[in-house]
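Okay, so here's the structure we're looking at.
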Amino acid sequence: MAALGLRRGMQKLLDVSPTVARLSLRCGTGPTLAEVLQMPKKQMTKLLYPLQELEQRLVPDSRLDLHLKLFDPSPEDMESAEGVFAATARNRIEYLSSAVRLDHAPTLARPEVCFIGRSNVGKSSLIKALFSLAPDVEVRVSKKPGHTKKMNFFKVGKYFTLVDMPGYGYRAPEDFVDMVETYLKERRNLKRTFLLVDSVVGITKTDHIAIEMCEEFALPYVMVLTKIDKSSKGHLLKQVLEIQKFVNTQTQGCFPQLFPVSVVTYSGIHLLKCFIANITKN
């Protein structure tokens, strides 16, 4: 899409109201990996590999559509990755700063990942869950959509920086377009963009615009499906298959494997941690 058309599309990211959803009070307090590994195999698989649980409900031909083994770490691999997200005296995990412009952002040599999604998709809640082993790190979560107004930077030890971007759609900040477009186009150490999609409602019009933005800027990105605890298994499976088909046929820069997650049950959280730890290795 031409740059002017993309910019007009991005402006629409400010205009759409979200589906209202209740925010769980349990965000960031899920089971540790050590606790998960003590669970019965079926329950452990559900929490560590949520796509594999859905696979059991598919007819054989449909299983080929899901990229289940593209990133398939062992529990031991996940255990190693846990250390990246665990705050210790030698591995400080902390909030660094906030910025509304790229030239106000901290200048850091380490790899960077950013999380972007529409207002109320559960972005800050997911980041809080990722930092559950760093309880002193404050990730502000609100029941009101559009709470994040700036780019918030978090240092994860010596490994990488994580950026919580403002949500698009309802109550997005007025300078959202300039802020986000400039960051995505010019941030040289940005390794991967994590684009969050509400698994209950699927890919929305504003999500399509954000996807077009990532494709236009040739950004490597990952699609994370949030709130999978809020759907029946049948509805979730339908959404996953539709979104996977879209990724397979309509995208070039998107990582083929989807990452379904829940900040309530912690399903998929440890797998996502392991993926982030792997792509940010120096």
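Within each chain, counting starts at residue 1; across the structure tokens, chains are named A, B, ... in the order shown, with ligands numbered 1 upward in that order.
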
Neighbouring residues of A:Glu79 were defined as those with any atom within 9 Å, considering only C-alpha atoms; residues of the same chain fewer than 2 positions away were excluded. Please report them as a CSV table (one decimal) with C-alpha atoms, in the first residue's frame.
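Below is the file that was written, selection37.csv:
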```
chain,number,residue,atom,x,y,z
A,33,LEU,CA,7.2,-23.4,35.3
A,34,ALA,CA,8.4,-25.6,38.1
A,74,SER,CA,11.2,-28.7,25.3
A,75,PRO,CA,10.2,-28.0,28.9
A,76,GLU,CA,14.0,-27.9,29.7
A,77,ASP,CA,14.4,-25.1,27.0
A,81,ALA,CA,14.5,-19.2,29.3
A,82,GLU,CA,12.8,-18.6,32.7
A,83,GLY,CA,16.1,-17.3,34.0
A,270,HIS,CA,6.0,-19.9,29.2
A,274,CYS,CA,11.0,-18.9,25.6
```

Let's see if you can do this: from backbone DSSP, list all strand (DSSP E) residues in stretch 18-212 of chain A, as a ChimeraX atom specification. /A:93-99,112-117,151-156,160-164,190-198

Got time to write the residues from that selection, C-alpha atoms, as a tab-separated table (two decimals), in the first residue's frame?
```tsv
chain	number	residue	atom	x	y	z
A	93	ILE	CA	14.55	-6.18	35.44
A	94	GLU	CA	13.25	-2.67	35.71
A	95	TYR	CA	11.24	0.12	34.18
A	96	LEU	CA	13.58	2.51	32.38
A	97	SER	CA	11.59	5.44	31.04
A	98	SER	CA	8.65	6.59	28.93
A	99	ALA	CA	8.67	8.60	25.72
A	112	GLU	CA	14.49	-4.63	21.57
A	113	VAL	CA	11.00	-6.10	21.22
A	114	CYS	CA	7.76	-4.14	21.23
A	115	PHE	CA	4.17	-5.08	21.98
A	116	ILE	CA	1.40	-3.39	20.02
A	117	GLY	CA	-2.37	-3.94	19.80
A	151	MET	CA	6.02	4.19	24.87
A	152	ASN	CA	7.16	2.49	28.08
A	153	PHE	CA	10.63	0.92	28.11
A	154	PHE	CA	11.63	-1.97	30.39
A	155	LYS	CA	15.16	-3.32	30.78
A	156	VAL	CA	15.34	-7.12	31.00
A	160	PHE	CA	16.94	-7.05	25.81
A	161	THR	CA	14.55	-4.13	26.19
A	162	LEU	CA	10.78	-4.59	26.08
A	163	VAL	CA	8.55	-1.73	24.91
A	164	ASP	CA	4.88	-1.39	25.80
A	190	LEU	CA	14.01	-3.53	17.08
A	191	LYS	CA	14.20	-7.31	16.67
A	192	ARG	CA	10.54	-8.28	16.64
A	193	THR	CA	7.11	-6.69	16.92
A	194	PHE	CA	4.46	-8.65	18.82
A	195	LEU	CA	1.03	-7.79	17.45
A	196	LEU	CA	-1.74	-8.75	19.88
A	197	VAL	CA	-5.13	-9.88	18.59
A	198	ASP	CA	-8.17	-10.59	20.76
```

Nearest residue to A:Pro50 out of A:Ile243, A:Leu102, A:Ile228, A:Leu219, using only C-alpha atoms?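 With only C-alpha atoms as the atom set, the closest residue is A:Ile228.
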
Between A:Gln56, A:Thr251, A:Thr32, A:Ser119, which one has atoms that come closest to A:Cys214, using only C-alpha atoms?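 Nearest to A:Cys214: A:Thr251.
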
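Atom CA of A:Glu181 is found 21.4 Å from atom CA of A:Gln250.
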
Sorted by chain and rising residue number, which residues of stretch 82-124 of chain A lie within 12 Å of stretch 260-265 of chain A, and what are their closest atom pairs and distances in Å to one decimal, counting only C-alpha atoms, as JSON lines?
```
{"residue": "A:Val121", "atom": "CA", "partner": "A:Ser262", "partner_atom": "CA", "distance": 11.4}
{"residue": "A:Gly122", "atom": "CA", "partner": "A:Val263", "partner_atom": "CA", "distance": 8.5}
{"residue": "A:Lys123", "atom": "CA", "partner": "A:Val263", "partner_atom": "CA", "distance": 10.1}
{"residue": "A:Ser124", "atom": "CA", "partner": "A:Val263", "partner_atom": "CA", "distance": 10.3}
```

Per DSSP on the backbone, what are the helix (DSSP H, G or I) residues of stretch 80-276 of chain A, as an mmCIF file with N, CA, C and O atoms, in the first residue's frame?
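Listed below is the output, states08.cif:
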```cif
data_model
loop_
_atom_site.group_PDB
_atom_site.id
_atom_site.type_symbol
_atom_site.label_atom_id
_atom_site.label_comp_id
_atom_site.auth_asym_id
_atom_site.auth_seq_id
_atom_site.Cartn_x
_atom_site.Cartn_y
_atom_site.Cartn_z
ATOM 1 N N SER A 80 15.239 -22.978 30.955
ATOM 2 C CA SER A 80 16.416 -22.142 30.750
ATOM 3 C C SER A 80 16.016 -20.702 30.465
ATOM 4 O O SER A 80 16.629 -19.758 30.963
ATOM 5 N N ALA A 81 14.955 -20.534 29.664
ATOM 6 C CA ALA A 81 14.488 -19.190 29.317
ATOM 7 C C ALA A 81 13.905 -18.458 30.521
ATOM 8 O O ALA A 81 13.921 -17.223 30.563
ATOM 9 N N GLU A 82 13.397 -19.207 31.497
ATOM 10 C CA GLU A 82 12.827 -18.578 32.689
ATOM 11 C C GLU A 82 13.840 -17.684 33.390
ATOM 12 O O GLU A 82 13.493 -16.655 33.973
ATOM 13 N N GLY A 83 15.113 -18.084 33.328
ATOM 14 C CA GLY A 83 16.145 -17.297 33.992
ATOM 15 C C GLY A 83 16.279 -15.896 33.416
ATOM 16 O O GLY A 83 16.670 -14.959 34.134
ATOM 17 N N VAL A 84 15.956 -15.741 32.143
ATOM 18 C CA VAL A 84 16.023 -14.418 31.515
ATOM 19 C C VAL A 84 15.003 -13.481 32.154
ATOM 20 O O VAL A 84 15.257 -12.277 32.314
ATOM 21 N N PHE A 85 13.859 -14.022 32.538
ATOM 22 C CA PHE A 85 12.757 -13.209 33.063
ATOM 23 C C PHE A 85 12.702 -13.179 34.587
ATOM 24 O O PHE A 85 11.768 -12.603 35.159
ATOM 25 N N LEU A 102 10.515 9.402 19.461
ATOM 26 C CA LEU A 102 11.652 8.505 19.379
ATOM 27 C C LEU A 102 12.929 9.144 19.898
ATOM 28 O O LEU A 102 13.749 8.480 20.541
ATOM 29 N N ASP A 103 13.102 10.435 19.671
ATOM 30 C CA ASP A 103 14.333 11.070 20.149
ATOM 31 C C ASP A 103 14.352 11.268 21.659
ATOM 32 O O ASP A 103 15.353 11.697 22.223
ATOM 33 N N HIS A 104 13.234 10.952 22.329
ATOM 34 C CA HIS A 104 13.191 10.958 23.793
ATOM 35 C C HIS A 104 13.391 9.550 24.366
ATOM 36 O O HIS A 104 13.489 9.390 25.583
ATOM 37 N N LYS A 123 -2.685 -5.969 26.447
ATOM 38 C CA LYS A 123 -1.248 -5.820 26.211
ATOM 39 C C LYS A 123 -0.466 -5.650 27.507
ATOM 40 O O LYS A 123 0.495 -6.385 27.769
ATOM 41 N N SER A 124 -0.839 -4.664 28.314
ATOM 42 C CA SER A 124 -0.126 -4.435 29.573
ATOM 43 C C SER A 124 -0.278 -5.624 30.522
ATOM 44 O O SER A 124 0.647 -5.962 31.268
ATOM 45 N N SER A 125 -1.432 -6.281 30.481
ATOM 46 C CA SER A 125 -1.639 -7.464 31.325
ATOM 47 C C SER A 125 -0.701 -8.595 30.922
ATOM 48 O O SER A 125 -0.167 -9.317 31.770
ATOM 49 N N LEU A 126 -0.496 -8.748 29.616
ATOM 50 C CA LEU A 126 0.420 -9.784 29.142
ATOM 51 C C LEU A 126 1.848 -9.477 29.576
ATOM 52 O O LEU A 126 2.583 -10.370 30.025
ATOM 53 N N ILE A 127 2.259 -8.234 29.448
ATOM 54 C CA ILE A 127 3.610 -7.859 29.865
ATOM 55 C C ILE A 127 3.783 -8.085 31.364
ATOM 56 O O ILE A 127 4.824 -8.553 31.827
ATOM 57 N N LYS A 128 2.757 -7.779 32.123
ATOM 58 C CA LYS A 128 2.806 -8.023 33.573
ATOM 59 C C LYS A 128 2.978 -9.516 33.850
ATOM 60 O O LYS A 128 3.732 -9.911 34.751
ATOM 61 N N ALA A 129 2.300 -10.346 33.068
ATOM 62 C CA ALA A 129 2.438 -11.796 33.245
ATOM 63 C C ALA A 129 3.844 -12.263 32.877
ATOM 64 O O ALA A 129 4.414 -13.134 33.541
ATOM 65 N N LEU A 130 4.415 -11.700 31.832
ATOM 66 C CA LEU A 130 5.782 -12.057 31.458
ATOM 67 C C LEU A 130 6.770 -11.706 32.558
ATOM 68 O O LEU A 130 7.798 -12.377 32.734
ATOM 69 N N PHE A 176 -0.473 9.433 18.417
ATOM 70 C CA PHE A 176 -0.198 8.007 18.246
ATOM 71 C C PHE A 176 0.480 7.712 16.904
ATOM 72 O O PHE A 176 1.473 6.996 16.838
ATOM 73 N N VAL A 177 -0.072 8.265 15.828
ATOM 74 C CA VAL A 177 0.432 7.940 14.495
ATOM 75 C C VAL A 177 1.899 8.319 14.358
ATOM 76 O O VAL A 177 2.739 7.505 13.958
ATOM 77 N N ASP A 178 2.227 9.573 14.710
ATOM 78 C CA ASP A 178 3.617 10.014 14.593
ATOM 79 C C ASP A 178 4.536 9.218 15.509
ATOM 80 O O ASP A 178 5.660 8.847 15.128
ATOM 81 N N MET A 179 4.060 8.952 16.721
ATOM 82 C CA MET A 179 4.874 8.235 17.701
ATOM 83 C C MET A 179 5.199 6.820 17.229
ATOM 84 O O MET A 179 6.373 6.418 17.157
ATOM 85 N N VAL A 180 4.175 6.080 16.869
ATOM 86 C CA VAL A 180 4.348 4.669 16.551
ATOM 87 C C VAL A 180 4.989 4.477 15.180
ATOM 88 O O VAL A 180 5.889 3.646 15.016
ATOM 89 N N GLU A 181 4.553 5.241 14.196
ATOM 90 C CA GLU A 181 5.127 5.095 12.861
ATOM 91 C C GLU A 181 6.630 5.374 12.874
ATOM 92 O O GLU A 181 7.422 4.617 12.306
ATOM 93 N N THR A 182 7.034 6.448 13.533
ATOM 94 C CA THR A 182 8.452 6.797 13.587
ATOM 95 C C THR A 182 9.255 5.726 14.297
ATOM 96 O O THR A 182 10.343 5.335 13.848
ATOM 97 N N TYR A 183 8.722 5.224 15.426
ATOM 98 C CA TYR A 183 9.431 4.183 16.170
ATOM 99 C C TYR A 183 9.623 2.933 15.311
ATOM 100 O O TYR A 183 10.739 2.392 15.210
ATOM 101 N N LEU A 184 8.557 2.462 14.682
ATOM 102 C CA LEU A 184 8.634 1.221 13.922
ATOM 103 C C LEU A 184 9.542 1.344 12.696
ATOM 104 O O LEU A 184 10.224 0.391 12.319
ATOM 105 N N LYS A 185 9.564 2.509 12.083
ATOM 106 C CA LYS A 185 10.374 2.699 10.888
ATOM 107 C C LYS A 185 11.849 2.916 11.200
ATOM 108 O O LYS A 185 12.718 2.500 10.432
ATOM 109 N N GLU A 186 12.149 3.539 12.351
ATOM 110 C CA GLU A 186 13.512 4.014 12.566
ATOM 111 C C GLU A 186 14.261 3.354 13.721
ATOM 112 O O GLU A 186 15.472 3.554 13.852
ATOM 113 N N LYS A 205 -10.852 -4.464 11.973
ATOM 114 C CA LYS A 205 -10.433 -3.522 10.935
ATOM 115 C C LYS A 205 -9.158 -2.786 11.334
ATOM 116 O O LYS A 205 -8.261 -2.589 10.516
ATOM 117 N N THR A 206 -9.088 -2.386 12.592
ATOM 118 C CA THR A 206 -7.883 -1.676 13.037
ATOM 119 C C THR A 206 -6.679 -2.614 13.085
ATOM 120 O O THR A 206 -5.560 -2.195 12.811
ATOM 121 N N ASP A 207 -6.903 -3.893 13.404
ATOM 122 C CA ASP A 207 -5.806 -4.857 13.363
ATOM 123 C C ASP A 207 -5.282 -4.997 11.931
ATOM 124 O O ASP A 207 -4.073 -5.103 11.710
ATOM 125 N N HIS A 208 -6.188 -5.003 10.963
ATOM 126 C CA HIS A 208 -5.775 -5.105 9.565
ATOM 127 C C HIS A 208 -4.851 -3.947 9.193
ATOM 128 O O HIS A 208 -3.865 -4.128 8.469
ATOM 129 N N ILE A 209 -5.178 -2.757 9.689
ATOM 130 C CA ILE A 209 -4.342 -1.585 9.391
ATOM 131 C C ILE A 209 -2.971 -1.738 10.027
ATOM 132 O O ILE A 209 -1.939 -1.431 9.415
ATOM 133 N N ALA A 210 -2.936 -2.235 11.269
ATOM 134 C CA ALA A 210 -1.651 -2.447 11.940
ATOM 135 C C ALA A 210 -0.829 -3.507 11.221
ATOM 136 O O ALA A 210 0.399 -3.382 11.094
ATOM 137 N N ILE A 211 -1.493 -4.552 10.736
ATOM 138 C CA ILE A 211 -0.795 -5.595 9.979
ATOM 139 C C ILE A 211 -0.216 -5.010 8.691
ATOM 140 O O ILE A 211 0.939 -5.288 8.329
ATOM 141 N N GLU A 212 -1.005 -4.191 7.995
ATOM 142 C CA GLU A 212 -0.519 -3.545 6.771
ATOM 143 C C GLU A 212 0.696 -2.663 7.058
ATOM 144 O O GLU A 212 1.631 -2.581 6.250
ATOM 145 N N MET A 213 0.683 -2.017 8.222
ATOM 146 C CA MET A 213 1.808 -1.183 8.622
ATOM 147 C C MET A 213 3.072 -2.035 8.784
ATOM 148 O O MET A 213 4.145 -1.679 8.281
ATOM 149 N N CYS A 214 2.957 -3.163 9.479
ATOM 150 C CA CYS A 214 4.112 -4.043 9.658
ATOM 151 C C CYS A 214 4.609 -4.575 8.318
ATOM 152 O O CYS A 214 5.820 -4.659 8.079
ATOM 153 N N GLU A 215 3.676 -4.927 7.434
ATOM 154 C CA GLU A 215 4.063 -5.436 6.124
ATOM 155 C C GLU A 215 4.723 -4.345 5.288
ATOM 156 O O GLU A 215 5.730 -4.589 4.616
ATOM 157 N N GLU A 216 4.173 -3.136 5.318
ATOM 158 C CA GLU A 216 4.712 -2.031 4.530
ATOM 159 C C GLU A 216 6.126 -1.682 4.963
ATOM 160 O O GLU A 216 6.995 -1.381 4.131
ATOM 161 N N ILE A 228 -7.543 -16.325 25.563
ATOM 162 C CA ILE A 228 -8.064 -17.601 25.076
ATOM 163 C C ILE A 228 -8.906 -18.315 26.130
ATOM 164 O O ILE A 228 -9.635 -19.254 25.813
ATOM 165 N N ASP A 229 -8.834 -17.856 27.374
ATOM 166 C CA ASP A 229 -9.670 -18.446 28.427
ATOM 167 C C ASP A 229 -11.120 -17.999 28.333
ATOM 168 O O ASP A 229 -11.996 -18.584 28.980
ATOM 169 N N LYS A 230 -11.408 -16.978 27.540
ATOM 170 C CA LYS A 230 -12.751 -16.405 27.488
ATOM 171 C C LYS A 230 -13.639 -17.036 26.415
ATOM 172 O O LYS A 230 -14.797 -16.654 26.265
ATOM 173 N N LYS A 233 -13.958 -23.927 23.535
ATOM 174 C CA LYS A 233 -12.941 -24.566 22.701
ATOM 175 C C LYS A 233 -13.333 -24.515 21.226
ATOM 176 O O LYS A 233 -12.487 -24.293 20.352
ATOM 177 N N GLY A 234 -14.625 -24.678 20.941
ATOM 178 C CA GLY A 234 -15.077 -24.640 19.552
ATOM 179 C C GLY A 234 -14.877 -23.276 18.919
ATOM 180 O O GLY A 234 -14.402 -23.158 17.787
ATOM 181 N N HIS A 235 -15.235 -22.226 19.657
ATOM 182 C CA HIS A 235 -15.081 -20.872 19.130
ATOM 183 C C HIS A 235 -13.607 -20.532 18.972
ATOM 184 O O HIS A 235 -13.202 -19.937 17.956
ATOM 185 N N LEU A 236 -12.789 -20.920 19.945
ATOM 186 C CA LEU A 236 -11.367 -20.629 19.870
ATOM 187 C C LEU A 236 -10.734 -21.344 18.681
ATOM 188 O O LEU A 236 -9.929 -20.753 17.944
ATOM 189 N N LEU A 237 -11.114 -22.586 18.472
ATOM 190 C CA LEU A 237 -10.568 -23.338 17.346
ATOM 191 C C LEU A 237 -10.933 -22.674 16.023
ATOM 192 O O LEU A 237 -10.096 -22.555 15.112
ATOM 193 N N LYS A 238 -12.172 -22.221 15.905
ATOM 194 C CA LYS A 238 -12.623 -21.540 14.689
ATOM 195 C C LYS A 238 -11.793 -20.281 14.447
ATOM 196 O O LYS A 238 -11.336 -20.024 13.325
ATOM 197 N N GLN A 239 -11.580 -19.500 15.498
ATOM 198 C CA GLN A 239 -10.806 -18.268 15.366
ATOM 199 C C GLN A 239 -9.355 -18.564 14.994
ATOM 200 O O GLN A 239 -8.763 -17.886 14.135
ATOM 201 N N VAL A 240 -8.778 -19.552 15.657
ATOM 202 C CA VAL A 240 -7.378 -19.893 15.387
ATOM 203 C C VAL A 240 -7.204 -20.312 13.928
ATOM 204 O O VAL A 240 -6.258 -19.884 13.250
ATOM 205 N N LEU A 241 -8.116 -21.137 13.418
ATOM 206 C CA LEU A 241 -8.013 -21.592 12.029
ATOM 207 C C LEU A 241 -8.177 -20.429 11.050
ATOM 208 O O LEU A 241 -7.461 -20.354 10.037
ATOM 209 N N GLU A 242 -9.108 -19.529 11.329
ATOM 210 C CA GLU A 242 -9.311 -18.373 10.447
ATOM 211 C C GLU A 242 -8.093 -17.456 10.449
ATOM 212 O O GLU A 242 -7.653 -16.974 9.396
ATOM 213 N N ILE A 243 -7.540 -17.201 11.645
ATOM 214 C CA ILE A 243 -6.378 -16.311 11.744
ATOM 215 C C ILE A 243 -5.157 -16.978 11.126
ATOM 216 O O ILE A 243 -4.359 -16.328 10.434
ATOM 217 N N GLN A 244 -5.006 -18.288 11.342
ATOM 218 C CA GLN A 244 -3.879 -19.001 10.733
ATOM 219 C C GLN A 244 -3.967 -18.958 9.211
ATOM 220 O O GLN A 244 -2.949 -18.765 8.521
ATOM 221 N N LYS A 245 -5.165 -19.126 8.661
ATOM 222 C CA LYS A 245 -5.339 -19.043 7.204
ATOM 223 C C LYS A 245 -4.950 -17.665 6.697
ATOM 224 O O LYS A 245 -4.302 -17.532 5.651
ATOM 225 N N PHE A 246 -5.326 -16.636 7.443
ATOM 226 C CA PHE A 246 -4.966 -15.270 7.054
ATOM 227 C C PHE A 246 -3.447 -15.110 7.049
ATOM 228 O O PHE A 246 -2.868 -14.549 6.108
ATOM 229 N N VAL A 247 -2.791 -15.584 8.100
ATOM 230 C CA VAL A 247 -1.328 -15.474 8.182
ATOM 231 C C VAL A 247 -0.672 -16.227 7.026
ATOM 232 O O VAL A 247 0.274 -15.736 6.395
ATOM 233 N N ASN A 248 -1.178 -17.422 6.723
ATOM 234 C CA ASN A 248 -0.588 -18.243 5.668
ATOM 235 C C ASN A 248 -0.719 -17.621 4.289
ATOM 236 O O ASN A 248 0.162 -17.781 3.441
ATOM 237 N N THR A 249 -1.825 -16.917 4.043
ATOM 238 C CA THR A 249 -2.140 -16.457 2.680
ATOM 239 C C THR A 249 -1.992 -14.964 2.462
ATOM 240 O O THR A 249 -1.841 -14.523 1.314
ATOM 241 N N GLN A 250 -2.024 -14.158 3.546
ATOM 242 C CA GLN A 250 -2.081 -12.710 3.373
ATOM 243 C C GLN A 250 -0.884 -11.962 3.954
ATOM 244 O O GLN A 250 -0.854 -10.737 3.898
ATOM 245 N N ILE A 269 2.047 -18.740 28.209
ATOM 246 C CA ILE A 269 2.950 -17.686 28.686
ATOM 247 C C ILE A 269 4.404 -18.164 28.689
ATOM 248 O O ILE A 269 5.312 -17.449 28.251
ATOM 249 N N HIS A 270 4.653 -19.377 29.165
ATOM 250 C CA HIS A 270 6.024 -19.881 29.243
ATOM 251 C C HIS A 270 6.599 -20.125 27.849
ATOM 252 O O HIS A 270 7.797 -19.914 27.624
ATOM 253 N N LEU A 271 5.762 -20.539 26.907
ATOM 254 C CA LEU A 271 6.213 -20.724 25.533
ATOM 255 C C LEU A 271 6.610 -19.386 24.918
ATOM 256 O O LEU A 271 7.638 -19.273 24.240
ATOM 257 N N LEU A 272 5.805 -18.353 25.172
ATOM 258 C CA LEU A 272 6.111 -17.028 24.640
ATOM 259 C C LEU A 272 7.399 -16.482 25.254
ATOM 260 O O LEU A 272 8.222 -15.879 24.557
ATOM 261 N N LYS A 273 7.594 -16.692 26.542
ATOM 262 C CA LYS A 273 8.851 -16.281 27.181
ATOM 263 C C LYS A 273 10.050 -16.915 26.479
ATOM 264 O O LYS A 273 11.057 -16.258 26.209
ATOM 265 N N CYS A 274 9.944 -18.201 26.201
ATOM 266 C CA CYS A 274 11.038 -18.927 25.579
ATOM 267 C C CYS A 274 11.310 -18.393 24.173
ATOM 268 O O CYS A 274 12.469 -18.241 23.766
ATOM 269 N N PHE A 275 10.265 -18.071 23.438
ATOM 270 C CA PHE A 275 10.432 -17.524 22.089
ATOM 271 C C PHE A 275 11.155 -16.182 22.140
ATOM 272 O O PHE A 275 12.084 -15.922 21.365
ATOM 273 N N ILE A 276 10.731 -15.316 23.069
ATOM 274 C CA ILE A 276 11.367 -14.000 23.195
ATOM 275 C C ILE A 276 12.835 -14.157 23.577
ATOM 276 O O ILE A 276 13.711 -13.477 23.035
#
```
